[in-house]
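Below: the structure, in structure tokens.
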Amino acid sequence: MAGPGEQDKLSDEWGLDPASSGTSTPVTQTAEDGMGAEWAAMLEADNAEAGAADRVLNQDEIDSLLGFDPNAGGGAELTGVQALINSALVSYERLPMLEIVFDRLVRLATTSLRNFTSDNVEVALDSISSVRFGDYLNSIPLPAILSVIKAEEWENYGLLTVDSSLIYSMIDVLLGGRRVGGQIRVEGRPYTTIEMALARRMIEVILEDTHRAFEPVTEVNFRVERLETNPRFAAISRPANAAILIELRIEMDDRGGKIEILLPYATIEPIREQLLQMYMGEKFGRDPIWEGHLATEIFAADVEVDAILHEMDLPLSRVLSMQPGDTVMFDRTPSDPIGLRCGDVDLTEAIMGHIGNHVSVRVSRPLNAPKVTMAAFEAIDENKQEGR
């Protein structure tokens with residue numbers, strides 16, 4: 001136990017009066033108030049930190065973190081987790097000719113469907129985007145007709161999806177139904193044989209226009225392989241594979257629907273070089289302007305031509321033993337022709353002579369025909385295209 005002296009020191013430190021019997025002096029009360037305020041501030045800071053750690057995110061913050069924006073259009077830039085998920089996809093903007101092809105399809109389909117339905121039909125291109133094949137199959141609103149189409153020249157497949165509202169609108173137009181405004185309600189029943197036949201005829205019209213739209217770029221024919229109503233039976237690619245999705249909206253007065261054309265990247269790979277063009281005709285056939293420019297520059301180029309008097313084979317031992325003053329005899333006469341050579345290419349033959357103090361040659365026959373012609377390059381290009 002502490003002695004009396006030590007107790008007095010402790011009393012002085014805590015602000016206590018030894019003579020008092022448990023009553024606090026003003027100094028003691030002030031010290032207690034200061035310590036209480038300090039403890040209260042520490043507790044408030046801890047509670048604030050705990051509250052910040054346990055704060056619940058609202059829906060807007062969650063959507064921003066995951067990259068989902070319900071108000072953004074199809075062309076909006078992806079952010080957050082959604083951007084990481086889709087980072088492996090190739091944007092269709094790297095294939096600028098593709099948009100030109102489907103703009104042409106819109107114009108052709110507008111005319112063809114007007115002739116097909118004898119009604120006022122408007123076709124519009126909603127969007128062109130990159131999707132994963134599995135995600136697209138899961139997002140198809142049912143019921144719908146999925147047409148598996150085959151690109152015969154590309155030896156691969158694509159999908160053409162017609163939604164139910166367009167199918168029933170087209171059937172009403174073709175069979176003389178009443179002009180019912182708004183969305184047409186579909187009963188939970190399978191499509192009839194007549195409905196499937198009319199939908200197939202409309203799909204064939206769209207595919208014929210697609211063939212004509214691709215005609216300036218490449219020759220390809222699209223054929224209906226089969227019609228499906230269950231997306232599981234329309235799996236033409238792996239779920240993780242990337243594909244191009246083209247959405248077309250077809251309006252007939254106050255009714256209509258959507259057609260979606262899906263082409264996997266593996267399908268359009270044979271014409272990837274053509275789709276990379278910035279404008280039509282960039283790499284098709286010969287360009288006479290560049291050919292004329294190249295020919296002009298070649299004609300103006302300076303080349304070095306060697307006149308070969310004679311060539312003979314000598315043993316290496318004799319060549320190594322040559323000394324200044326040795327004579328090498330050439331089996332040639334002044335009237336024998338000499339060769340003219342440019343680099344490693346033999347051009348023609350000539351007769352040697354002189355003009356004044358200069359040695360000269362006179363070409364004695366036409367130039368040799370080139371071994372590689374433009375036809376050879378064209379044959380190489382054709383073989384490459386057939387190999388694809």
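We label chains A, B, ... in the order they appear in the structure tokens, count residues from 1 in each chain, and number ligands from 1 in the order shown.
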
Do a neighbour search on Arg104 of chain A at 9 Å with only C-alpha atoms, toss out local chain neighbours closer than 2 positions, and write the hits as number ranges by chain.
A: 99-102, 106-109, 209-210, 212-214

Hey, could you make a per-residue contact list for segment 255-342 of chain A against segment 226-236 of chain A with 12 Å as the cut-off, showing the nearest pair of atoms and its distance in Å to one decimal, counting only C-alpha atoms, sorted by chain and number, as JSON lines?
{"residue": "A:Leu262", "atom": "CA", "partner": "A:Ile236", "partner_atom": "CA", "distance": 10.5}
{"residue": "A:Leu263", "atom": "CA", "partner": "A:Ile236", "partner_atom": "CA", "distance": 10.0}
{"residue": "A:Pro264", "atom": "CA", "partner": "A:Ile236", "partner_atom": "CA", "distance": 8.8}
{"residue": "A:Tyr265", "atom": "CA", "partner": "A:Ile236", "partner_atom": "CA", "distance": 12.0}
{"residue": "A:Ala266", "atom": "CA", "partner": "A:Ile236", "partner_atom": "CA", "distance": 10.8}
{"residue": "A:Thr267", "atom": "CA", "partner": "A:Ile236", "partner_atom": "CA", "distance": 10.4}

Looking only at strand (DSSP E or B) from DSSP on the backbone, list the matching residues of segment 78-225 of chain A as number ranges by chain.
A: 121-132, 144-151, 156-163, 222-225

Closest to Leu248 of chain A among A:Asp163, A:Asp336, A:Asp344, A:Glu311, using only C-alpha atoms?
A:Asp163

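Comparing the minimum interatomic distances between Ile149 of chain A and each of A:Ile206, A:Ile380, A:Leu198, A:Ala301, counting only C-alpha atoms, we find that A:Ile206 sits nearest.
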
Could you name the residues that touch Ile246 of chain A at 10 Å or less, counting only C-alpha atoms, but leaving out those on the same chain fewer than 3 positions away, as a PDB file with N, CA and C atoms, in the first residue's frame?
ATOM      1  N   GLU A  99     -22.101  -1.064 -92.142  1.00  0.00           N
ATOM      2  CA  GLU A  99     -23.208  -0.131 -91.974  1.00  0.00           C
ATOM      3  C   GLU A  99     -23.732   0.338 -93.324  1.00  0.00           C
ATOM      4  N   PHE A 102     -26.048  -2.411 -94.771  1.00  0.00           N
ATOM      5  CA  PHE A 102     -27.380  -2.516 -94.196  1.00  0.00           C
ATOM      6  C   PHE A 102     -28.197  -1.245 -94.405  1.00  0.00           C
ATOM      7  N   LEU A 125     -33.457   1.323 -89.819  1.00  0.00           N
ATOM      8  CA  LEU A 125     -32.359   0.631 -89.139  1.00  0.00           C
ATOM      9  C   LEU A 125     -32.255   1.155 -87.722  1.00  0.00           C
ATOM     10  N   ASP A 126     -32.629   0.324 -86.745  1.00  0.00           N
ATOM     11  CA  ASP A 126     -32.597   0.747 -85.346  1.00  0.00           C
ATOM     12  C   ASP A 126     -31.178   0.828 -84.815  1.00  0.00           C
ATOM     13  N   SER A 127     -30.425  -0.240 -84.952  1.00  0.00           N
ATOM     14  CA  SER A 127     -29.074  -0.246 -84.374  1.00  0.00           C
ATOM     15  C   SER A 127     -28.263  -1.389 -84.961  1.00  0.00           C
ATOM     16  N   ILE A 128     -26.954  -1.224 -84.879  1.00  0.00           N
ATOM     17  CA  ILE A 128     -26.001  -2.297 -85.185  1.00  0.00           C
ATOM     18  C   ILE A 128     -25.081  -2.398 -83.977  1.00  0.00           C
ATOM     19  N   SER A 129     -25.016  -3.560 -83.360  1.00  0.00           N
ATOM     20  CA  SER A 129     -24.252  -3.711 -82.122  1.00  0.00           C
ATOM     21  C   SER A 129     -23.567  -5.062 -82.101  1.00  0.00           C
ATOM     22  N   SER A 130     -22.642  -5.203 -81.158  1.00  0.00           N
ATOM     23  CA  SER A 130     -21.931  -6.460 -80.933  1.00  0.00           C
ATOM     24  C   SER A 130     -22.491  -7.131 -79.682  1.00  0.00           C
ATOM     25  N   LEU A 160     -32.096 -15.033 -88.413  1.00  0.00           N
ATOM     26  CA  LEU A 160     -33.017 -13.940 -88.711  1.00  0.00           C
ATOM     27  C   LEU A 160     -34.255 -14.163 -87.854  1.00  0.00           C
ATOM     28  N   ALA A 243     -20.917 -11.775 -81.989  1.00  0.00           N
ATOM     29  CA  ALA A 243     -21.713 -11.707 -83.209  1.00  0.00           C
ATOM     30  C   ALA A 243     -22.163 -10.270 -83.438  1.00  0.00           C
ATOM     31  N   ILE A 259     -37.392  -6.956 -87.017  1.00  0.00           N
ATOM     32  CA  ILE A 259     -36.623  -8.081 -87.558  1.00  0.00           C
ATOM     33  C   ILE A 259     -35.188  -7.909 -87.084  1.00  0.00           C
ATOM     34  N   GLU A 260     -34.600  -8.977 -86.569  1.00  0.00           N
ATOM     35  CA  GLU A 260     -33.219  -8.947 -86.090  1.00  0.00           C
ATOM     36  C   GLU A 260     -32.391  -9.950 -86.888  1.00  0.00           C
ATOM     37  N   ILE A 261     -31.290  -9.467 -87.434  1.00  0.00           N
ATOM     38  CA  ILE A 261     -30.368 -10.322 -88.189  1.00  0.00           C
ATOM     39  C   ILE A 261     -29.091 -10.452 -87.360  1.00  0.00           C
ATOM     40  N   LEU A 262     -28.719 -11.676 -87.047  1.00  0.00           N
ATOM     41  CA  LEU A 262     -27.520 -11.924 -86.247  1.00  0.00           C
ATOM     42  C   LEU A 262     -26.523 -12.706 -87.089  1.00  0.00           C
ATOM     43  N   LEU A 263     -25.327 -12.143 -87.244  1.00  0.00           N
ATOM     44  CA  LEU A 263     -24.253 -12.782 -88.004  1.00  0.00           C
ATOM     45  C   LEU A 263     -23.047 -12.963 -87.087  1.00  0.00           C
TER      46      LEU A 263
END

Measuring atom to atom with only C-alpha atoms, identify which of A:Phe133, A:Tyr168, A:Phe116, A:Phe222 is nearest to Glu155 of chain A.
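Once distances to Glu155 of chain A are computed over only C-alpha atoms, the minimum belongs to A:Phe222.
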
Give me the residues within 12 Å of Arg114 of chain A as a list in words, counting only C-alpha atoms and dropping any in the same chain fewer than 3 places off.
Arg107, Leu108, Ala109, Thr110, Thr111, Thr117, Ser118, Asp119, Asn120, Val121, Glu122, Val123, Met170, Val173, Leu174, Met202, Val205, Ile206, Ile250, Glu251, Met252 and Asp253 of chain A

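The interatomic distance for the pair atom CA of Glu273 of chain A and atom CA of Thr161 of chain A works out to 27.1 Å.
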
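Between atom CA of Tyr157 of chain A and atom CA of Val224 of chain A the interatomic distance comes to 9.8 Å.
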
If you run DSSP on the backbone here, which positions in segment 176-311 of chain A get helix (DSSP H, G or I)? Please write them as a ChimeraX atom specification.
/A:193-214,231-234,265-275,288-299
